[in-house]
Amino acid sequence: MAEKAPQYTPPAPLHGGQLVLGTLVLSLATFMNVLDSSIANVSIPAISGDFGVSPSQGTWVITSFAVSNAIAVPLTGWLTQRFGMVRLFTLSIALFVLASLLCGLAPNFEMLILFRVIQGLVAGPMIPLSQALLLQSYPREKSGTALAMWSMTTLVAPVMGPLLGGWITDNMSWPWIFYINVPVGLVAAAITWNIYKPRETPTQKLPIDTVGLAALVIWIGALQIMLDKGKELDWFASPLIIALGLVALVGFMFFLIWELTEAHPIVDLQLFTLRNFWVGTLALSLGYGVFFGNVVLLPLWLQQHMGYTATWAGIILAPVGLMAILITPFVGKTIGKADPRRYATFAFIVMALVLWMRSQFNTSADVTTLMIPTIIQGISMAFFFIPLVSLTLSGLSPDRIPAASGLSNFARITAGAFGTSITTTLWDSRATMHHAELTEHISTFSTATQEALTQLSALGMSREQALIYLNRVVDQQAFMLSANDIFAGSAALFLLLIPVVWLARPAPAGATVDAGGAH
């Protein structure tokens, strides 16, 4: 039987140097975590080559981290009550550093995957707890500023990941994408423990919901592997994908029923009975899913069909953080006085505008044309995270913030995985359709085709080489038209999401989030 939790009074906010340093190290830990989810992406060819495995096997370096991380994130609330918020966060950082070191030292591919699984598991509580600790550090009226500091790291890190990973892989060696976590993590853990140890939250001995935990592992694991391997195996044409889908569905239904009837559930699903929590989580997850799918699509299109290197594709994406960093402090300062629903609506309108601009791209688009929507997108990102997180956590008591943050972050991460899979699958299928339509106009009887072949022949190409070249041009056009379709569809989806935000109740002015502690 569980002990009764001791009465908890949230500690006073931090001040001066401690507040600055505390904000810095919490943001640093979050940055390190988010960075590690994307930094390995561009290093897969190098890792695969070193260990003598295929690139498709190499993607397990990403999948193993994603699956274990997705399992651990929603457990944050239960783990916090069991071990204490500060102790759990510091331990997560320390174990993350150790797992990173082991990843870099891995003697073979199997051991690397094992260490990535461990790294993902211990990383799970870091993002929700960094959010909760930041809210605890600031006065309630400045909770918007706390969320602004937190959101800046989650905005910049996914963009920096591929850039940094590519540079390290090209100029050093792939193990250094893991080694760089060691000094950063050690500093963050030491300073966090020093500042926040006196602010530890009370603990209680909770029974372990082993059935709920097992069900969680099964359905999330099956879902993540299905999403990762679906495109490669042609989705539901594959018996494996069908089996994984059924396991995920049945596992999820069982998990839902079990957790709602269990006295001490591993995940607090009762949070979804709160209107602002489920509305905020739904809007944040759907918006993030659409956004992240497009974040993945743009560099793929640039690298595969526009001739851009990984570094230059990263440079095109990098300015998204520029406007976000400049505007986020303003949003943080004013969110307590404004209606978060208005800010979120503005974010969705700007995001729709950006995606509509991208839907007008053609194969002649220069760097400036490609960058303008990216710069504007930074404005929408500044107004995206803070208001929706504020709505999601509004009205919650301090002790429920870690569980709520963990659950909403889990939904957001899962939606990002769905968005990536759906976007890349649609991109391929629409490109196939456009390719078929374009090739209808190419035949040996077509005057335009004959003129093109004559011109290519004059450049020294054989007939076979000329036909291959024409097919490549058609491919480039087909994938561009397909990307335009997805950008336009995504713009429409953002506009359709606006009414969802207005299902939430307005948060009381000046008290958007209860910024006390948590346990």
# chains A, B, ... in the order shown; residues from 1 in each chain; ligands from 1
>>> residues_around(residues="segment 409-425 of chain A", least_positions_apart="3", cutoff="6 Å", atoms="only C-alpha atoms", output="PyMOL selection string")
chain A and resi 73-74+285+289-290+292-293+405-406+428
>>> closest_atom_pairs(of="segment 157-260 of chain A", to="segment 29-34 of chain A", cutoff="8 Å", atoms="only C-alpha atoms", output="JSON lines")
{"residue": "A:Ala157", "atom": "CA", "partner": "A:Phe31", "partner_atom": "CA", "distance": 5.7}
{"residue": "A:Pro158", "atom": "CA", "partner": "A:Val34", "partner_atom": "CA", "distance": 6.5}
{"residue": "A:Asn181", "atom": "CA", "partner": "A:Met32", "partner_atom": "CA", "distance": 6.7}
{"residue": "A:Val184", "atom": "CA", "partner": "A:Met32", "partner_atom": "CA", "distance": 7.7}
{"residue": "A:Gly185", "atom": "CA", "partner": "A:Ala29", "partner_atom": "CA", "distance": 6.7}
{"residue": "A:Ala188", "atom": "CA", "partner": "A:Ala29", "partner_atom": "CA", "distance": 6.2}
>>> residues_around(residues="Met226 of chain A", least_positions_apart="6", cutoff="9 Å", atoms="only C-alpha atoms", output="ChimeraX atom specification")
/A:235,240-242,244-245,248
>>> select_by_dssp(residues="segment 286-408 of chain A", states="alpha helix (DSSP H)", output="number ranges by chain")
A: 286-305, 310-317, 320-334, 340-358, 367-382, 385-393, 401-408
>>> closest_atom_pairs(of="segment 72-141 of chain A", to="segment 326-337 of chain A", cutoff="12 Å", atoms="only C-alpha atoms", output="JSON lines")
{"residue": "A:Tyr138", "atom": "CA", "partner": "A:Gly332", "partner_atom": "CA", "distance": 11.9}
{"residue": "A:Pro139", "atom": "CA", "partner": "A:Gly336", "partner_atom": "CA", "distance": 11.6}
{"residue": "A:Arg140", "atom": "CA", "partner": "A:Gly336", "partner_atom": "CA", "distance": 9.1}
{"residue": "A:Glu141", "atom": "CA", "partner": "A:Gly336", "partner_atom": "CA", "distance": 6.4}
>>> closest_residue(among="A:Val295, A:Leu438, A:Leu396, A:Leu216", to="Thr374 of chain A", atoms="only C-alpha atoms")
A:Val295
>>> residues_around(residues="Pro402 of chain A", least_positions_apart="3", cutoff="7 Å", atoms="only C-alpha atoms", output="list in words")
Thr76, Gly77, Pro128, Leu129, Ala132, Ser405, Gly406 and Ala518 of chain A
>>> residues_around(residues="Ser64 of chain A", least_positions_apart="4", cutoff="7 Å", atoms="only C-alpha atoms", output="VMD selection string")
chain A and resid 60 68 113 116 to 117
>>> atom_distance(atom1="atom CA of Ser380 of chain A", atom2="atom CA of Val320 of chain A")
9.5 Å
>>> atom_distance(atom1="atom CA of Val501 of chain A", atom2="atom CA of Trp78 of chain A")
28.6 Å
>>> closest_atom_pairs(of="segment 101-211 of chain A", to="segment 253-259 of chain A", cutoff="12 Å", atoms="only C-alpha atoms", output="tab-separated table")
residue	atom	partner	partner_atom	distance
A:Asp209	CA	A:Glu259	CA	8.9
A:Thr210	CA	A:Trp258	CA	11.0
A:Val211	CA	A:Trp258	CA	8.1
>>> residues_around(residues="Val97 of chain A", least_positions_apart="6", cutoff="12 Å", atoms="only C-alpha atoms", output="list in words")
Ala29, Met32, Asn33, Asp36, Thr90, Leu91, Cys103, Gly104, Phe115, Arg116, Ile118, Gln119, Gly120, Val122, Ala123, Phe178, Tyr179, Ile180, Asn181, Val182, Pro183, Val184, Gly185, Leu186, Val187, Ala188 and Ala189 of chain A
>>> residues_around(residues="segment 339-349 of chain A", least_positions_apart="5", cutoff="7 Å", atoms="only C-alpha atoms", output="mmCIF file with all heavy atoms, in the first residue's frame")
data_model
loop_
_atom_site.group_PDB
_atom_site.id
_atom_site.type_symbol
_atom_site.label_atom_id
_atom_site.label_comp_id
_atom_site.auth_asym_id
_atom_site.auth_seq_id
_atom_site.Cartn_x
_atom_site.Cartn_y
_atom_site.Cartn_z
ATOM 1 N N SER A 380 6.257 32.496 -36.037
ATOM 2 C CA SER A 380 5.187 31.587 -35.601
ATOM 3 C C SER A 380 5.664 30.654 -34.497
ATOM 4 O O SER A 380 4.899 30.318 -33.584
ATOM 5 C CB SER A 380 4.663 30.775 -36.786
ATOM 6 O OG SER A 380 5.668 29.942 -37.311
ATOM 7 N N MET A 381 6.937 30.233 -34.550
ATOM 8 C CA MET A 381 7.459 29.322 -33.529
ATOM 9 C C MET A 381 7.488 29.997 -32.157
ATOM 10 O O MET A 381 7.244 29.359 -31.129
ATOM 11 C CB MET A 381 8.866 28.845 -33.898
ATOM 12 C CG MET A 381 8.933 27.988 -35.147
ATOM 13 S SD MET A 381 7.699 26.672 -35.202
ATOM 14 C CE MET A 381 8.182 25.721 -33.776
ATOM 15 N N PHE A 383 5.380 32.129 -31.053
ATOM 16 C CA PHE A 383 4.004 32.204 -30.549
ATOM 17 C C PHE A 383 3.334 30.826 -30.460
ATOM 18 O O PHE A 383 2.160 30.741 -30.122
ATOM 19 C CB PHE A 383 3.159 33.110 -31.455
ATOM 20 C CG PHE A 383 3.455 34.576 -31.289
ATOM 21 C CD1 PHE A 383 4.453 35.196 -32.028
ATOM 22 C CD2 PHE A 383 2.729 35.342 -30.390
ATOM 23 C CE1 PHE A 383 4.730 36.544 -31.876
ATOM 24 C CE2 PHE A 383 2.994 36.699 -30.235
ATOM 25 C CZ PHE A 383 3.998 37.301 -30.971
ATOM 26 N N PHE A 384 4.080 29.792 -30.794
ATOM 27 C CA PHE A 384 3.498 28.444 -30.873
ATOM 28 C C PHE A 384 3.584 27.694 -29.544
ATOM 29 O O PHE A 384 2.575 27.320 -28.948
ATOM 30 C CB PHE A 384 4.202 27.660 -31.979
ATOM 31 C CG PHE A 384 3.723 26.247 -32.161
ATOM 32 C CD1 PHE A 384 2.536 25.988 -32.832
ATOM 33 C CD2 PHE A 384 4.455 25.180 -31.683
ATOM 34 C CE1 PHE A 384 2.095 24.680 -33.013
ATOM 35 C CE2 PHE A 384 4.023 23.872 -31.847
ATOM 36 C CZ PHE A 384 2.842 23.621 -32.517
ATOM 37 N N PRO A 387 2.228 29.714 -25.630
ATOM 38 C CA PRO A 387 0.790 29.784 -25.335
ATOM 39 C C PRO A 387 0.139 28.414 -25.168
ATOM 40 O O PRO A 387 -0.699 28.221 -24.281
ATOM 41 C CB PRO A 387 0.219 30.509 -26.566
ATOM 42 C CG PRO A 387 1.369 31.250 -27.142
ATOM 43 C CD PRO A 387 2.569 30.399 -26.882
ATOM 44 N N LEU A 388 0.544 27.447 -26.016
ATOM 45 C CA LEU A 388 -0.088 26.128 -25.946
ATOM 46 C C LEU A 388 0.339 25.365 -24.695
ATOM 47 O O LEU A 388 -0.479 24.669 -24.074
ATOM 48 C CB LEU A 388 0.223 25.327 -27.209
ATOM 49 C CG LEU A 388 -0.482 25.843 -28.479
ATOM 50 C CD1 LEU A 388 -0.025 25.087 -29.709
ATOM 51 C CD2 LEU A 388 -1.997 25.753 -28.344
ATOM 52 N N LEU A 391 -1.601 26.976 -21.836
ATOM 53 C CA LEU A 391 -2.981 26.482 -21.795
ATOM 54 C C LEU A 391 -3.040 25.068 -21.220
ATOM 55 O O LEU A 391 -3.882 24.746 -20.381
ATOM 56 C CB LEU A 391 -3.581 26.464 -23.205
ATOM 57 C CG LEU A 391 -4.247 27.732 -23.730
ATOM 58 C CD1 LEU A 391 -4.754 27.512 -25.144
ATOM 59 C CD2 LEU A 391 -5.395 28.164 -22.831
ATOM 60 N N PHE A 494 -3.223 23.804 -40.668
ATOM 61 C CA PHE A 494 -2.974 24.774 -39.598
ATOM 62 C C PHE A 494 -4.172 25.709 -39.417
ATOM 63 O O PHE A 494 -4.533 26.061 -38.296
ATOM 64 C CB PHE A 494 -1.700 25.576 -39.862
ATOM 65 C CG PHE A 494 -0.484 24.969 -39.213
ATOM 66 C CD1 PHE A 494 0.507 24.375 -39.969
ATOM 67 C CD2 PHE A 494 -0.347 24.972 -37.832
ATOM 68 C CE1 PHE A 494 1.621 23.800 -39.367
ATOM 69 C CE2 PHE A 494 0.762 24.404 -37.215
ATOM 70 C CZ PHE A 494 1.746 23.815 -37.979
ATOM 71 N N LEU A 495 -4.808 26.100 -40.519
ATOM 72 C CA LEU A 495 -5.995 26.949 -40.411
ATOM 73 C C LEU A 495 -7.153 26.191 -39.756
ATOM 74 O O LEU A 495 -7.920 26.756 -38.965
ATOM 75 C CB LEU A 495 -6.407 27.457 -41.804
ATOM 76 C CG LEU A 495 -5.419 28.422 -42.481
ATOM 77 C CD1 LEU A 495 -5.912 28.791 -43.875
ATOM 78 C CD2 LEU A 495 -5.202 29.687 -41.636
ATOM 79 N N ILE A 498 -7.185 26.083 -35.834
ATOM 80 C CA ILE A 498 -7.510 27.281 -35.037
ATOM 81 C C ILE A 498 -8.744 27.079 -34.158
ATOM 82 O O ILE A 498 -8.719 27.405 -32.965
ATOM 83 C CB ILE A 498 -7.644 28.517 -35.953
ATOM 84 C CG1 ILE A 498 -6.264 28.876 -36.536
ATOM 85 C CG2 ILE A 498 -8.216 29.713 -35.181
ATOM 86 C CD1 ILE A 498 -6.290 29.944 -37.616
ATOM 87 N N VAL A 501 -8.091 25.311 -30.721
ATOM 88 C CA VAL A 501 -7.520 26.137 -29.642
ATOM 89 C C VAL A 501 -8.622 26.833 -28.847
ATOM 90 O O VAL A 501 -8.551 26.943 -27.617
ATOM 91 C CB VAL A 501 -6.556 27.196 -30.229
ATOM 92 C CG1 VAL A 501 -6.051 28.126 -29.138
ATOM 93 C CG2 VAL A 501 -5.382 26.511 -30.925
ATOM 94 N N TRP A 502 -9.680 27.257 -29.530
ATOM 95 C CA TRP A 502 -10.738 28.028 -28.879
ATOM 96 C C TRP A 502 -11.719 27.158 -28.103
ATOM 97 O O TRP A 502 -12.661 27.676 -27.489
ATOM 98 C CB TRP A 502 -11.446 28.907 -29.908
ATOM 99 C CG TRP A 502 -10.538 30.026 -30.325
ATOM 100 C CD1 TRP A 502 -9.659 30.013 -31.357
ATOM 101 C CD2 TRP A 502 -10.376 31.277 -29.671
ATOM 102 N NE1 TRP A 502 -8.950 31.196 -31.405
ATOM 103 C CE2 TRP A 502 -9.376 31.994 -30.389
ATOM 104 C CE3 TRP A 502 -10.972 31.889 -28.573
ATOM 105 C CZ2 TRP A 502 -8.966 33.267 -30.022
ATOM 106 C CZ3 TRP A 502 -10.565 33.160 -28.211
ATOM 107 C CH2 TRP A 502 -9.574 33.842 -28.930
ATOM 108 N N PRO A 506 -10.329 30.309 -21.267
ATOM 109 C CA PRO A 506 -9.238 31.285 -21.081
ATOM 110 C C PRO A 506 -8.620 31.134 -19.706
ATOM 111 O O PRO A 506 -9.327 30.942 -18.711
ATOM 112 C CB PRO A 506 -9.943 32.641 -21.223
ATOM 113 C CG PRO A 506 -11.387 32.348 -20.941
ATOM 114 C CD PRO A 506 -11.640 30.946 -21.395
#
>>> atom_distance(atom1="atom CA of Pro207 of chain A", atom2="atom CA of Val247 of chain A")
26.5 Å
>>> decode(residues="segment 393-429 of chain A", atoms="N, CA, C and O atoms", output="short mmCIF file (atom, residue, chain, number, x, y, z; two decimals), in the first residue's frame")
data_model
loop_
_atom_site.label_atom_id
_atom_site.label_comp_id
_atom_site.auth_asym_id
_atom_site.auth_seq_id
_atom_site.Cartn_x
_atom_site.Cartn_y
_atom_site.Cartn_z
N LEU A 393 -1.01 23.50 -19.16
CA LEU A 393 -0.68 23.38 -17.73
C LEU A 393 -1.48 24.33 -16.85
O LEU A 393 -1.33 24.30 -15.62
N SER A 394 -2.35 25.16 -17.45
CA SER A 394 -3.08 26.15 -16.64
C SER A 394 -4.04 25.47 -15.67
O SER A 394 -4.71 24.50 -16.00
N GLY A 395 -4.07 26.03 -14.45
CA GLY A 395 -5.00 25.53 -13.44
C GLY A 395 -4.57 24.27 -12.73
O GLY A 395 -5.28 23.78 -11.85
N LEU A 396 -3.40 23.73 -13.07
CA LEU A 396 -2.94 22.49 -12.42
C LEU A 396 -2.25 22.81 -11.10
O LEU A 396 -1.52 23.80 -10.99
N SER A 397 -2.44 21.96 -10.11
CA SER A 397 -1.72 22.12 -8.84
C SER A 397 -0.26 21.75 -9.05
O SER A 397 0.06 20.97 -9.97
N PRO A 398 0.65 22.29 -8.24
CA PRO A 398 2.09 22.04 -8.44
C PRO A 398 2.45 20.56 -8.52
O PRO A 398 3.33 20.19 -9.30
N ASP A 399 1.79 19.72 -7.73
CA ASP A 399 2.18 18.31 -7.70
C ASP A 399 1.83 17.56 -8.98
O ASP A 399 2.33 16.45 -9.21
N ARG A 400 0.98 18.15 -9.85
CA ARG A 400 0.58 17.45 -11.07
C ARG A 400 1.35 17.91 -12.30
O ARG A 400 1.21 17.31 -13.38
N ILE A 401 2.18 18.96 -12.15
CA ILE A 401 2.88 19.51 -13.31
C ILE A 401 3.86 18.51 -13.96
O ILE A 401 3.87 18.36 -15.18
N PRO A 402 4.70 17.76 -13.18
CA PRO A 402 5.59 16.80 -13.85
C PRO A 402 4.83 15.75 -14.66
O PRO A 402 5.22 15.43 -15.78
N ALA A 403 3.74 15.20 -14.09
CA ALA A 403 2.96 14.18 -14.80
C ALA A 403 2.31 14.78 -16.05
O ALA A 403 2.32 14.17 -17.12
N ALA A 404 1.75 16.00 -15.91
CA ALA A 404 1.10 16.66 -17.04
C ALA A 404 2.11 17.00 -18.13
O ALA A 404 1.85 16.80 -19.32
N SER A 405 3.26 17.52 -17.72
CA SER A 405 4.30 17.87 -18.68
C SER A 405 4.81 16.62 -19.40
O SER A 405 5.01 16.62 -20.61
N GLY A 406 5.00 15.54 -18.64
CA GLY A 406 5.46 14.28 -19.24
C GLY A 406 4.47 13.74 -20.25
O GLY A 406 4.84 13.31 -21.35
N LEU A 407 3.18 13.78 -19.90
CA LEU A 407 2.14 13.23 -20.77
C LEU A 407 1.97 14.08 -22.03
O LEU A 407 1.84 13.54 -23.14
N SER A 408 1.98 15.41 -21.88
CA SER A 408 1.81 16.27 -23.06
C SER A 408 3.04 16.21 -23.97
O SER A 408 2.91 16.22 -25.20
N ASN A 409 4.24 16.09 -23.38
CA ASN A 409 5.45 15.95 -24.19
C ASN A 409 5.47 14.62 -24.92
O ASN A 409 5.92 14.53 -26.07
N PHE A 410 4.96 13.57 -24.26
CA PHE A 410 4.87 12.26 -24.92
C PHE A 410 3.95 12.35 -26.14
O PHE A 410 4.27 11.85 -27.22
N ALA A 411 2.78 13.00 -25.96
CA ALA A 411 1.83 13.14 -27.07
C ALA A 411 2.46 13.93 -28.22
O ALA A 411 2.30 13.59 -29.40
N ARG A 412 3.21 14.99 -27.86
CA ARG A 412 3.86 15.82 -28.88
C ARG A 412 4.92 15.03 -29.65
O ARG A 412 4.98 15.08 -30.89
N ILE A 413 5.76 14.28 -28.93
CA ILE A 413 6.83 13.49 -29.56
C ILE A 413 6.23 12.42 -30.48
O ILE A 413 6.71 12.20 -31.60
N THR A 414 5.18 11.75 -29.99
CA THR A 414 4.53 10.71 -30.80
C THR A 414 3.90 11.32 -32.05
O THR A 414 3.99 10.74 -33.14
N ALA A 415 3.27 12.49 -31.90
CA ALA A 415 2.68 13.17 -33.06
C ALA A 415 3.76 13.55 -34.07
O ALA A 415 3.53 13.49 -35.30
N GLY A 416 4.95 13.92 -33.57
CA GLY A 416 6.07 14.23 -34.47
C GLY A 416 6.49 13.02 -35.28
O GLY A 416 6.78 13.12 -36.48
N ALA A 417 6.48 11.83 -34.64
CA ALA A 417 6.82 10.58 -35.34
C ALA A 417 5.77 10.27 -36.40
O ALA A 417 6.10 9.88 -37.53
N PHE A 418 4.48 10.44 -36.03
CA PHE A 418 3.40 10.23 -37.00
C PHE A 418 3.54 11.20 -38.17
O PHE A 418 3.40 10.81 -39.33
N GLY A 419 3.79 12.47 -37.85
CA GLY A 419 3.92 13.50 -38.88
C GLY A 419 5.02 13.18 -39.87
O GLY A 419 4.84 13.33 -41.09
N THR A 420 6.16 12.71 -39.35
CA THR A 420 7.29 12.35 -40.21
C THR A 420 6.93 11.21 -41.15
O THR A 420 7.17 11.27 -42.37
N SER A 421 6.34 10.15 -40.60
CA SER A 421 5.99 8.96 -41.41
C SER A 421 4.94 9.29 -42.46
O SER A 421 5.08 8.91 -43.62
N ILE A 422 3.90 10.01 -42.04
CA ILE A 422 2.82 10.35 -42.97
C ILE A 422 3.33 11.26 -44.09
O ILE A 422 3.03 11.05 -45.28
N THR A 423 4.14 12.27 -43.72
CA THR A 423 4.64 13.23 -44.71
C THR A 423 5.54 12.56 -45.74
O THR A 423 5.38 12.77 -46.95
N THR A 424 6.50 11.76 -45.28
CA THR A 424 7.44 11.12 -46.23
C THR A 424 6.73 10.10 -47.11
O THR A 424 7.05 9.96 -48.29
N THR A 425 5.74 9.40 -46.55
CA THR A 425 4.97 8.43 -47.35
C THR A 425 4.14 9.15 -48.41
O THR A 425 4.11 8.74 -49.58
N LEU A 426 3.45 10.22 -48.02
CA LEU A 426 2.65 11.01 -48.97
C LEU A 426 3.53 11.62 -50.06
O LEU A 426 3.14 11.68 -51.23
N TRP A 427 4.71 12.08 -49.65
CA TRP A 427 5.63 12.69 -50.61
C TRP A 427 5.98 11.71 -51.73
O TRP A 427 5.95 12.06 -52.91
N ASP A 428 6.31 10.48 -51.35
CA ASP A 428 6.64 9.45 -52.35
C ASP A 428 5.44 9.09 -53.23
O ASP A 428 5.57 8.99 -54.45
N SER A 429 4.28 8.92 -52.60
CA SER A 429 3.11 8.48 -53.38
C SER A 429 2.63 9.57 -54.33
O SER A 429 2.27 9.29 -55.49
#
